[in-house]
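Dumped entry-v4.tsv below, it's TSV, C-alpha atoms and all ligand atoms:
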chain	number	residue	atom	x	y	z
A	1	MET	CA	-12.30	-23.05	-7.07
A	2	ARG	CA	-10.12	-20.13	-6.06
A	3	VAL	CA	-9.07	-17.82	-8.90
A	4	TYR	CA	-5.92	-15.79	-9.45
A	5	ASN	CA	-7.14	-12.35	-8.48
A	6	PHE	CA	-5.13	-9.48	-9.97
A	7	SER	CA	-7.20	-6.79	-8.25
A	8	ALA	CA	-5.44	-3.60	-7.18
A	9	GLY	CA	-7.21	-3.84	-3.82
A	10	PRO	CA	-8.89	-5.24	-1.88
A	11	ALA	CA	-6.64	-7.99	-3.09
A	12	MET	CA	-5.65	-11.59	-2.58
A	13	LEU	CA	-4.73	-12.78	0.89
A	14	PRO	CA	-2.40	-15.73	1.48
A	15	GLU	CA	-4.40	-18.95	1.44
A	16	ASP	CA	-2.68	-20.14	4.62
A	17	VAL	CA	-3.91	-16.99	6.38
A	18	LEU	CA	-7.48	-17.55	5.23
A	19	LYS	CA	-7.34	-21.18	6.37
A	20	LYS	CA	-6.01	-20.21	9.79
A	21	ALA	CA	-8.71	-17.54	10.12
A	22	ALA	CA	-11.34	-20.11	9.11
A	23	GLU	CA	-10.01	-22.54	11.70
A	24	GLU	CA	-10.26	-19.88	14.38
A	25	MET	CA	-13.53	-18.39	13.16
A	26	LEU	CA	-15.90	-20.01	15.64
A	27	GLU	CA	-13.59	-20.04	18.59
A	28	TYR	CA	-10.31	-18.19	19.04
A	29	GLY	CA	-8.09	-20.23	21.35
A	30	SER	CA	-10.17	-21.21	24.34
A	31	SER	CA	-12.03	-17.89	24.47
A	32	GLY	CA	-15.38	-19.39	23.45
A	33	GLN	CA	-15.87	-16.70	20.79
A	34	SER	CA	-14.60	-15.44	17.46
A	35	VAL	CA	-12.18	-12.52	17.31
A	36	MET	CA	-14.95	-10.45	15.70
A	37	GLU	CA	-17.11	-10.83	18.79
A	38	MET	CA	-14.46	-9.94	21.35
A	39	SER	CA	-14.43	-6.76	23.35
A	40	HIS	CA	-11.50	-4.67	22.20
A	41	ARG	CA	-10.87	-4.05	25.91
A	42	SER	CA	-10.54	-7.76	26.72
A	43	LYS	CA	-7.27	-9.40	27.74
A	44	GLU	CA	-7.53	-11.79	24.78
A	45	TYR	CA	-7.87	-8.97	22.29
A	46	GLN	CA	-5.11	-6.87	23.86
A	47	ALA	CA	-2.78	-9.82	23.32
A	48	ILE	CA	-3.75	-9.90	19.62
A	49	ILE	CA	-3.14	-6.20	18.96
A	50	ASP	CA	0.11	-6.28	20.97
A	51	ALA	CA	1.34	-9.29	18.99
A	52	CYS	CA	0.38	-7.56	15.74
A	53	GLU	CA	2.37	-4.46	16.63
A	54	ALA	CA	5.35	-6.52	17.81
A	55	SER	CA	5.33	-8.53	14.55
A	56	LEU	CA	5.10	-5.39	12.42
A	57	ARG	CA	8.02	-3.86	14.33
A	58	GLU	CA	10.03	-7.04	13.86
A	59	VAL	CA	9.20	-7.55	10.17
A	60	MET	CA	9.75	-3.89	9.19
A	61	ASN	CA	12.58	-3.35	11.68
A	62	ILE	CA	10.83	-0.25	13.05
A	63	PRO	CA	13.09	1.77	15.38
A	64	ASP	CA	11.92	2.40	18.96
A	65	ASN	CA	11.43	6.12	18.38
A	66	TYR	CA	8.50	5.41	16.05
A	67	LYS	CA	4.90	4.82	17.07
A	68	VAL	CA	2.69	2.32	15.25
A	69	LEU	CA	-0.98	3.26	14.95
A	70	PHE	CA	-3.92	1.13	13.80
A	71	LEU	CA	-6.48	3.57	12.44
A	72	GLN	CA	-9.51	3.73	10.14
A	73	GLY	CA	-10.60	6.05	7.36
A	74	GLY	CA	-8.30	4.58	4.71
A	75	ALA	CA	-5.18	6.13	3.25
A	76	SER	CA	-7.55	8.87	2.07
A	77	MET	CA	-8.11	10.05	5.63
A	78	GLN	CA	-4.35	10.42	5.98
A	79	PHE	CA	-4.37	12.89	3.09
A	80	ALA	CA	-6.08	15.25	5.58
A	81	MET	CA	-4.68	14.04	8.89
A	82	ILE	CA	-1.07	14.50	7.80
A	83	PRO	CA	-1.34	18.24	6.99
A	84	MET	CA	-3.56	18.79	10.06
A	85	ASN	CA	-0.86	17.36	12.30
A	86	LEU	CA	2.39	18.07	10.49
A	87	MET	CA	1.89	21.47	8.84
A	88	VAL	CA	3.18	23.48	11.77
A	89	LYS	CA	4.73	26.26	9.70
A	90	GLY	CA	2.06	25.83	7.03
A	91	LYS	CA	4.04	24.51	4.08
A	92	ALA	CA	4.61	21.09	2.54
A	93	ASP	CA	6.22	19.75	-0.64
A	94	PHE	CA	4.64	17.14	-2.91
A	95	VAL	CA	5.81	15.00	-5.79
A	96	VAL	CA	2.83	14.52	-8.04
A	97	THR	CA	3.20	11.04	-9.53
A	98	GLY	CA	-0.40	9.93	-9.97
A	99	GLN	CA	-3.98	10.21	-8.83
A	100	TRP	CA	-3.36	9.34	-5.20
A	101	ALA	CA	-0.39	11.68	-4.92
A	102	THR	CA	-2.58	14.39	-6.49
A	103	LYS	CA	-5.33	13.76	-3.95
A	104	ALA	CA	-2.83	14.05	-1.09
A	105	TYR	CA	-1.49	17.28	-2.63
A	106	LYS	CA	-4.95	18.80	-3.13
A	107	GLU	CA	-6.18	17.89	0.34
A	108	ALA	CA	-3.13	19.52	1.92
A	109	GLN	CA	-4.05	22.78	0.15
A	110	LYS	CA	-6.99	23.03	2.55
A	111	PHE	CA	-4.57	23.41	5.45
A	112	GLY	CA	-1.66	25.47	4.13
A	113	THR	CA	0.65	25.92	1.20
A	114	ALA	CA	1.16	22.71	-0.76
A	115	ASN	CA	3.99	23.01	-3.22
A	116	ALA	CA	4.28	20.58	-6.16
A	117	VAL	CA	8.05	20.22	-6.51
A	118	ALA	CA	7.82	17.81	-9.45
A	119	SER	CA	5.18	16.07	-11.53
A	120	SER	CA	4.98	13.37	-14.20
A	121	LYS	CA	1.53	14.36	-15.40
A	122	ASP	CA	2.87	15.31	-18.84
A	123	LYS	CA	3.21	11.61	-19.77
A	124	THR	CA	0.20	10.15	-17.94
A	125	PHE	CA	2.34	9.56	-14.83
A	126	SER	CA	4.30	6.83	-16.60
A	127	TYR	CA	7.62	7.75	-14.94
A	128	ILE	CA	9.10	9.10	-11.71
A	129	PRO	CA	10.25	12.69	-12.21
A	130	GLN	CA	13.71	13.97	-11.29
A	131	LEU	CA	13.65	16.06	-8.15
A	132	ASP	CA	15.34	19.16	-6.91
A	133	GLU	CA	16.37	19.18	-3.28
A	134	SER	CA	13.49	19.74	-0.92
A	135	LYS	CA	12.81	23.33	-0.01
A	136	TYR	CA	12.01	24.62	3.43
A	137	ALA	CA	8.84	22.75	4.41
A	138	ASP	CA	7.15	20.95	7.30
A	139	TYR	CA	7.31	17.71	5.34
A	140	PHE	CA	7.92	16.26	1.91
A	141	HIS	CA	5.27	13.87	0.59
A	142	ILE	CA	5.70	11.05	-1.91
A	143	CYS	CA	3.58	8.11	-2.99
A	144	LEU	CA	6.23	5.40	-3.02
A	145	ASN	CA	4.37	3.05	-5.36
A	146	ASN	CA	1.73	4.39	-7.72
A	147	THR	CA	-0.98	1.76	-7.86
A	148	ILE	CA	-2.75	3.01	-10.97
A	149	TYR	CA	0.26	3.84	-13.14
A	150	GLY	CA	2.61	1.08	-12.01
A	151	THR	CA	5.57	3.27	-11.12
A	152	LYS	CA	7.68	3.29	-7.99
A	153	PHE	CA	10.53	5.33	-6.57
A	154	SER	CA	13.67	3.25	-6.99
A	155	LYS	CA	15.60	5.90	-5.05
A	156	LEU	CA	14.28	8.04	-2.20
A	157	PRO	CA	14.45	11.82	-2.55
A	158	GLU	CA	17.04	13.67	-0.48
A	159	THR	CA	15.07	15.86	1.87
A	160	GLY	CA	17.71	16.88	4.41
A	161	ASN	CA	16.01	17.79	7.67
A	162	VAL	CA	12.56	17.90	6.12
A	163	PRO	CA	10.67	14.76	7.21
A	164	LEU	CA	9.86	12.43	4.33
A	165	VAL	CA	6.23	11.28	4.40
A	166	ALA	CA	5.25	8.31	2.24
A	167	ASP	CA	2.03	6.72	1.10
A	168	MET	CA	3.01	3.04	0.96
A	169	SER	CA	-0.50	1.66	0.48
A	170	SER	CA	0.45	-0.52	-2.47
A	171	CYS	CA	4.01	-1.54	-1.58
A	172	ILE	CA	4.26	-1.85	2.20
A	173	LEU	CA	5.71	-5.24	3.24
A	174	SER	CA	6.72	-6.02	-0.35
A	175	GLU	CA	10.43	-5.41	0.30
A	176	PRO	CA	12.65	-4.16	3.13
A	177	ILE	CA	12.67	-0.39	3.65
A	178	ASP	CA	14.71	1.74	6.01
A	179	VAL	CA	12.00	3.20	8.26
A	180	SER	CA	14.48	5.65	9.79
A	181	LYS	CA	14.58	7.53	6.46
A	182	PHE	CA	10.93	8.52	6.93
A	183	GLY	CA	9.10	10.85	9.28
A	184	LEU	CA	5.77	9.17	8.64
A	185	ILE	CA	4.64	6.11	6.67
A	186	TYR	CA	1.01	5.28	6.01
A	187	ALA	CA	-0.85	2.55	4.18
A	188	GLY	CA	-4.36	1.24	3.71
A	189	ALA	CA	-4.31	-2.46	4.61
A	190	GLN	CA	-6.32	-3.85	1.72
A	191	LYS	CA	-3.43	-4.73	-0.60
A	192	ASN	CA	-0.49	-6.26	1.23
A	193	MET	CA	-1.64	-6.32	4.84
A	194	GLY	CA	-5.16	-7.61	5.21
A	195	PRO	CA	-8.80	-6.66	4.72
A	196	ALA	CA	-10.06	-3.12	4.07
A	197	GLY	CA	-10.94	-1.03	7.09
A	198	LEU	CA	-7.51	-0.77	8.68
A	199	THR	CA	-4.94	1.95	8.01
A	200	VAL	CA	-1.46	1.62	9.48
A	201	VAL	CA	0.50	4.75	10.39
A	202	ILE	CA	4.14	4.65	11.49
A	203	ILE	CA	5.15	8.03	12.88
A	204	ARG	CA	8.39	9.32	14.37
A	205	ASP	CA	7.95	10.47	17.98
A	206	ASP	CA	8.92	14.10	17.42
A	207	LEU	CA	6.18	14.52	14.79
A	208	VAL	CA	3.41	13.60	17.21
A	209	ARG	CA	2.15	17.08	17.87
A	210	GLU	CA	0.54	18.25	21.10
A	211	PHE	CA	-2.57	20.33	20.41
A	212	PRO	CA	-3.94	22.91	22.85
A	213	GLU	CA	-7.23	22.06	24.63
A	214	ASP	CA	-9.17	24.55	22.53
A	215	SER	CA	-7.76	23.31	19.22
A	216	LYS	CA	-10.29	23.03	16.41
A	217	VAL	CA	-8.62	19.85	15.12
A	218	PRO	CA	-11.04	17.02	15.93
A	219	THR	CA	-9.82	14.70	18.68
A	220	MET	CA	-10.04	11.66	16.39
A	221	LEU	CA	-7.81	13.39	13.82
A	222	GLN	CA	-4.94	14.12	16.21
A	223	TYR	CA	-2.23	11.45	16.13
A	224	LYS	CA	-1.55	12.19	19.80
A	225	THR	CA	-5.00	10.86	20.71
A	226	HIS	CA	-4.20	7.49	19.20
A	227	VAL	CA	-0.64	7.42	20.51
A	228	ASP	CA	-1.87	8.12	24.06
A	229	ASN	CA	-4.53	5.44	23.83
A	230	GLY	CA	-2.64	2.62	22.10
A	231	SER	CA	-4.96	2.89	19.05
A	232	MET	CA	-7.90	2.29	21.41
A	233	PHE	CA	-9.34	5.77	21.86
A	234	ASN	CA	-12.35	4.25	20.17
A	235	THR	CA	-13.05	0.75	18.86
A	236	PRO	CA	-10.27	-0.17	16.42
A	237	PRO	CA	-10.89	-2.40	13.36
A	238	THR	CA	-10.36	-5.46	15.52
A	239	TYR	CA	-10.74	-8.23	12.95
A	240	ALA	CA	-8.57	-6.51	10.32
A	241	ILE	CA	-5.80	-6.12	12.92
A	242	TYR	CA	-6.09	-9.83	13.73
A	243	ILE	CA	-5.74	-10.71	10.03
A	244	LEU	CA	-2.72	-8.40	9.71
A	245	ARG	CA	-1.14	-10.30	12.56
A	246	LEU	CA	-1.69	-13.58	10.68
A	247	VAL	CA	-0.27	-12.04	7.49
A	248	LEU	CA	2.83	-10.91	9.39
A	249	GLU	CA	3.32	-14.41	10.81
A	250	TRP	CA	3.00	-15.75	7.26
A	251	ILE	CA	5.66	-13.28	6.03
A	252	LYS	CA	7.98	-14.29	8.87
A	253	GLY	CA	7.47	-17.94	7.96
A	254	LYS	CA	8.47	-17.16	4.37
A	255	GLY	CA	11.73	-15.55	5.49
A	256	GLY	CA	10.71	-11.92	6.03
A	257	LEU	CA	10.82	-8.93	3.73
A	258	GLN	CA	14.10	-9.81	1.99
A	259	ALA	CA	12.56	-13.12	0.91
A	260	MET	CA	9.36	-11.28	-0.11
A	261	LYS	CA	11.42	-8.91	-2.23
A	262	GLU	CA	13.24	-11.73	-4.00
A	263	LEU	CA	9.98	-13.52	-4.70
A	264	ASN	CA	8.27	-10.32	-5.86
A	265	GLU	CA	11.18	-9.54	-8.20
A	266	LYS	CA	10.96	-13.02	-9.66
A	267	LYS	CA	7.19	-12.73	-10.13
A	268	ALA	CA	7.35	-9.28	-11.75
A	269	LYS	CA	10.21	-10.36	-14.03
A	270	ILE	CA	8.12	-13.22	-15.42
A	271	ILE	CA	5.50	-10.69	-16.54
A	272	TYR	CA	7.79	-7.83	-17.64
A	273	ASP	CA	10.04	-10.21	-19.63
A	274	PHE	CA	7.05	-11.50	-21.53
A	275	LEU	CA	5.73	-7.97	-22.16
A	276	ASP	CA	9.14	-6.80	-23.42
A	277	GLY	CA	9.26	-9.64	-25.95
A	278	SER	CA	5.63	-9.46	-27.03
A	279	LYS	CA	4.48	-7.95	-30.32
A	280	MET	CA	0.92	-7.52	-29.06
A	281	PHE	CA	1.27	-6.35	-25.45
A	282	ASN	CA	3.30	-3.42	-24.20
A	283	ALA	CA	4.20	-2.39	-20.66
A	284	THR	CA	3.33	1.27	-20.08
A	285	VAL	CA	6.32	1.89	-17.76
A	286	GLN	CA	9.98	1.39	-18.65
A	287	GLY	CA	13.22	0.84	-16.78
A	288	GLU	CA	13.90	1.38	-13.11
A	289	ASP	CA	10.59	3.17	-12.43
A	290	ARG	CA	8.67	-0.10	-12.87
A	291	SER	CA	6.60	-1.24	-9.90
A	292	LEU	CA	6.95	-4.77	-8.54
A	293	MET	CA	3.33	-4.71	-7.40
A	294	ASN	CA	1.22	-3.17	-10.18
A	295	ILE	CA	1.99	-3.91	-13.82
A	296	PRO	CA	-0.10	-2.01	-16.38
A	297	PHE	CA	0.02	-3.11	-20.02
A	298	VAL	CA	-1.87	-2.35	-23.21
A	299	THR	CA	-2.40	-3.71	-26.70
A	300	GLY	CA	-3.25	-0.29	-28.11
A	301	ASN	CA	-6.60	-1.63	-29.30
A	302	ASP	CA	-9.58	-1.17	-26.96
A	303	GLU	CA	-11.57	-4.03	-28.46
A	304	LEU	CA	-8.68	-6.43	-28.14
A	305	ASP	CA	-8.13	-5.30	-24.54
A	306	ALA	CA	-11.78	-5.99	-23.72
A	307	LYS	CA	-11.60	-9.41	-25.35
A	308	PHE	CA	-8.45	-10.20	-23.36
A	309	VAL	CA	-10.05	-9.19	-20.06
A	310	ALA	CA	-13.16	-11.26	-20.76
A	311	GLU	CA	-11.25	-14.38	-21.84
A	312	ALA	CA	-8.79	-14.07	-18.96
A	313	LYS	CA	-11.73	-14.12	-16.58
A	314	LYS	CA	-13.06	-17.32	-18.13
A	315	ASN	CA	-9.62	-18.80	-17.46
A	316	GLY	CA	-9.62	-17.95	-13.76
A	317	LEU	CA	-7.53	-14.76	-14.12
A	318	VAL	CA	-9.80	-12.07	-12.70
A	319	ASN	CA	-9.81	-8.30	-12.11
A	320	ILE	CA	-7.19	-7.62	-14.73
A	321	LYS	CA	-8.87	-4.65	-16.39
A	322	GLY	CA	-6.72	-1.53	-16.19
A	323	HIS	CA	-7.70	1.67	-14.45
A	324	ARG	CA	-9.79	3.88	-16.74
A	325	SER	CA	-7.10	6.59	-16.80
A	326	VAL	CA	-4.51	4.24	-18.33
A	327	GLY	CA	-6.81	1.80	-20.14
A	328	GLY	CA	-5.76	-1.70	-21.12
A	329	MET	CA	-4.88	-4.12	-18.35
A	330	ARG	CA	-3.17	-4.08	-14.99
A	331	ALA	CA	-1.85	-7.09	-13.12
A	332	SER	CA	-1.54	-6.36	-9.42
A	333	VAL	CA	0.75	-9.00	-7.98
A	334	TYR	CA	0.97	-8.30	-4.26
A	335	ASN	CA	2.73	-10.61	-1.80
A	336	ALA	CA	-0.15	-13.09	-1.71
A	337	MET	CA	-0.17	-13.68	-5.49
A	338	PRO	CA	1.68	-16.96	-5.91
A	339	ILE	CA	4.34	-17.27	-8.61
A	340	GLU	CA	2.04	-19.81	-10.29
A	341	GLY	CA	-0.47	-16.98	-10.82
A	342	CYS	CA	2.12	-14.94	-12.74
A	343	GLU	CA	3.08	-18.01	-14.79
A	344	ALA	CA	-0.58	-18.73	-15.54
A	345	LEU	CA	-1.08	-15.15	-16.69
A	346	VAL	CA	1.92	-15.25	-19.01
A	347	SER	CA	0.96	-18.58	-20.56
A	348	PHE	CA	-2.53	-17.21	-21.13
A	349	MET	CA	-1.10	-14.04	-22.73
A	350	LYS	CA	1.09	-16.15	-25.03
A	351	LYS	CA	-1.86	-18.21	-26.14
A	352	PHE	CA	-4.01	-15.12	-26.65
A	353	GLU	CA	-1.29	-13.48	-28.71
A	354	GLU	CA	-0.97	-16.54	-30.95
A	355	GLU	CA	-4.70	-16.84	-31.43
A	356	ASN	CA	-5.27	-13.14	-32.12
A	357	ALA	CA	-2.15	-12.21	-34.11
B	1	LIG	N1	-2.97	5.62	-1.92
B	1	LIG	C1	-2.70	4.64	-2.78
B	1	LIG	C2	-1.33	4.49	-3.31
B	1	LIG	C3	-3.72	3.76	-3.13
B	1	LIG	O1	-3.47	2.76	-4.00
B	1	LIG	C4	-5.02	3.92	-2.61
B	1	LIG	C5	-6.17	3.00	-2.90
B	1	LIG	N2	-6.11	2.18	-3.93
B	1	LIG	C6	-5.25	4.99	-1.74
B	1	LIG	C7	-4.19	5.82	-1.41
B	1	LIG	C8	-6.59	5.23	-1.13
B	1	LIG	O2	-6.77	4.31	-0.17
B	1	LIG	P1	-8.10	4.15	0.68
B	1	LIG	O3	-9.12	3.58	-0.24
B	1	LIG	O4	-7.66	3.20	1.76
B	1	LIG	O5	-8.47	5.47	1.20
Taking this structure as input, can you express it in the form of structure tokens?
Amino acid sequence: MRVYNFSAGPAMLPEDVLKKAAEEMLEYGSSGQSVMEMSHRSKEYQAIIDACEASLREVMNIPDNYKVLFLQGGASMQFAMIPMNLMVKGKADFVVTGQWATKAYKEAQKFGTANAVASSKDKTFSYIPQLDESKYADYFHICLNNTIYGTKFSKLPETGNVPLVADMSSCILSEPIDVSKFGLIYAGAQKNMGPAGLTVVIIRDDLVREFPEDSKVPTMLQYKTHVDNGSMFNTPPTYAIYILRLVLEWIKGKGGLQAMKELNEKKAKIIYDFLDGSKMFNATVQGEDRSLMNIPFVTGNDELDAKFVAEAKKNGLVNIKGHRSVGGMRASVYNAMPIEGCEALVSFMKKFEEENA
């Protein structure tokens, strides 16, 4: 029996996608082989990666002056690749809204001056800080949705001519975004896009820097290398790209990102409404900073939290333990979590509250 998996990532994939992948596992089309076994240089595979890029461009409405790259190394590799490629003058601004944003900020310090323009560390990253206008910098980095703390930017910072760079690992494809407002977008695939092992980068043409021949920046870490080679400088994560393509087709079939947003708002509301009315459980984030994807909540009692997590698991609601830095619980409800999963969680919380009051 399949469970409702509230993991922060790797996370649930749409059942229809898994079924389609299972159907095509032994033989993709009439190729006589599975996608995993195909040469990345084959005609069949080229058609898959091309269709994946075309679908991503369609679903996210990506303007023509942006390149789409299918890379590896996780979002964590981007913490280094971004400053290596974008810090031309040697200075970048960061909004420190959680652990991942902090990692991006710290990694950039290896390559130049990283300036923390705002932080919400004073209250365990439970809100999005107010920002001053961006200063003179090569780029301005935000983590749009903070997976661990359950906050998201409801409004984008004004950065003028400074390119806005966003880690969208835990919110990409969850709602429409205006790509043209960003210089670079990156995301690990393992939450809303597909299996781990794939990292998607969407980069505006003018930010793809040309390095001199004798540059010390490794070839694999230059965006230009991947732009020039259609993400095939080396072997790309072929199967993960194939699954992303299926996920994108699934999103299109559901009505695209506007429909995803409406569904995600409905799902999150079911959980937040219950938390706001509960005497036992409390959401750790308030108001417009609340994430649609990651919903942390606590009882304030570690023993009760542990009991909840254990009993939830017995009821088919798994991976709901919160991150150790927040404690309590966290329900990650990415696109693939059906509304029934959110309803099942709330009815279990109600029952637990009654039984343990
Ligand atoms: N950024 C965010 C917002 C994340 O949630 C995560 C992973 N959970 C990362 C970065 C790191 O991603 P990866 O494991 O792909 O390096």
Go through A:Gly90, A:Gly316, A:Val68, A:Tyr242 one by one, measure the shortest atom-to-atom distance of each to A:Asp228 using only C-alpha atoms, and give the residue with the smallest value.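 With only C-alpha atoms as the atom set, the closest residue is A:Val68.
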Residues at most 8 Å from ligand LIG 1 (chain B), using only C-alpha atoms and all ligand atoms? Could they come as a ChimeraX atom specification? /A:8-9,73-77,100-101,143-148,167-170,187-190,196-199
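Separating atom CA of A:Glu23 from atom CA of A:Met1 is a distance of 18.9 Å.
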Between A:Asn161, A:Ser325, A:Asn356, A:Asn294, which residue has the minimum interatomic distance to A:Tyr136, considering only C-alpha atoms?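 Looking only at the distances to A:Tyr136, the closest residue turns out to be A:Asn161.
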Could you check the closest approach to A:Gly29 for each of A:Ala259, A:Ala47, A:Leu13, A:Ala108 and tell me which residue wins, using all atoms listed in the file?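 Selected residue with least distance to A:Gly29: A:Ala47.
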Can you list, as a list in words, every protein, DNA or RNA residue that comes within 10 Å of A:Lys110 when you count all atoms listed in the file, leaving out same-chain residues fewer than 5 positions away? Ala80, Pro83, Met84 and Tyr105 of chain A
Counting all atoms listed in the file, the residue of A:Leu244, A:Leu184, A:Met36, A:Leu71 that sits nearest A:Asp206: A:Leu184
Between A:Gly256, A:Pro218, A:Pro63, A:Gly194, which is the closest to A:Leu18 once you count all atoms listed in the file? A:Gly194
Just the number, please: distance in Å from atom CA of A:Glu355 to atom CA of A:Phe308, one decimal.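 So the answer is 11.1 Å.
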12 Å contact set for A:Glu210, all atoms listed in the file, chain neighbours under 4 positions out, as a PyMOL selection string: chain A and resi 84-86+88+205-206+214-215+217+219+222-228
Contact residues around A:Gly150 with all atoms listed in the file at 12 Å, ignoring same-chain residues under 3 positions, as JSON, numbers by chain: {"A": [8, 97, 98, 99, 124, 125, 126, 127, 128, 143, 144, 145, 146, 147, 153, 170, 171, 268, 272, 283, 284, 285, 286, 287, 288, 289, 290, 291, 292, 293, 294, 295, 296, 297, 322, 323, 326, 329, 330, 331, 332, 333]}
Rounded to one decimal in Å, what is the spacing between atom CA of A:Ile172 and atom CA of A:Asn192?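 Atom CA of A:Ile172 sits 6.6 Å away from atom CA of A:Asn192.
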Have a look at A:Lys19, A:Arg41, A:Arg57, A:Lys267 and name the one nearest to A:Leu69; count all atoms listed in the file. A:Arg57
At a cut-off of 10 Å, using all atoms listed in the file, what residues contact A:Lys266? Leave out same-chain residues fewer than 6 positions from it and give the result as a VMD selection string. chain A and resid 260 292 339 342
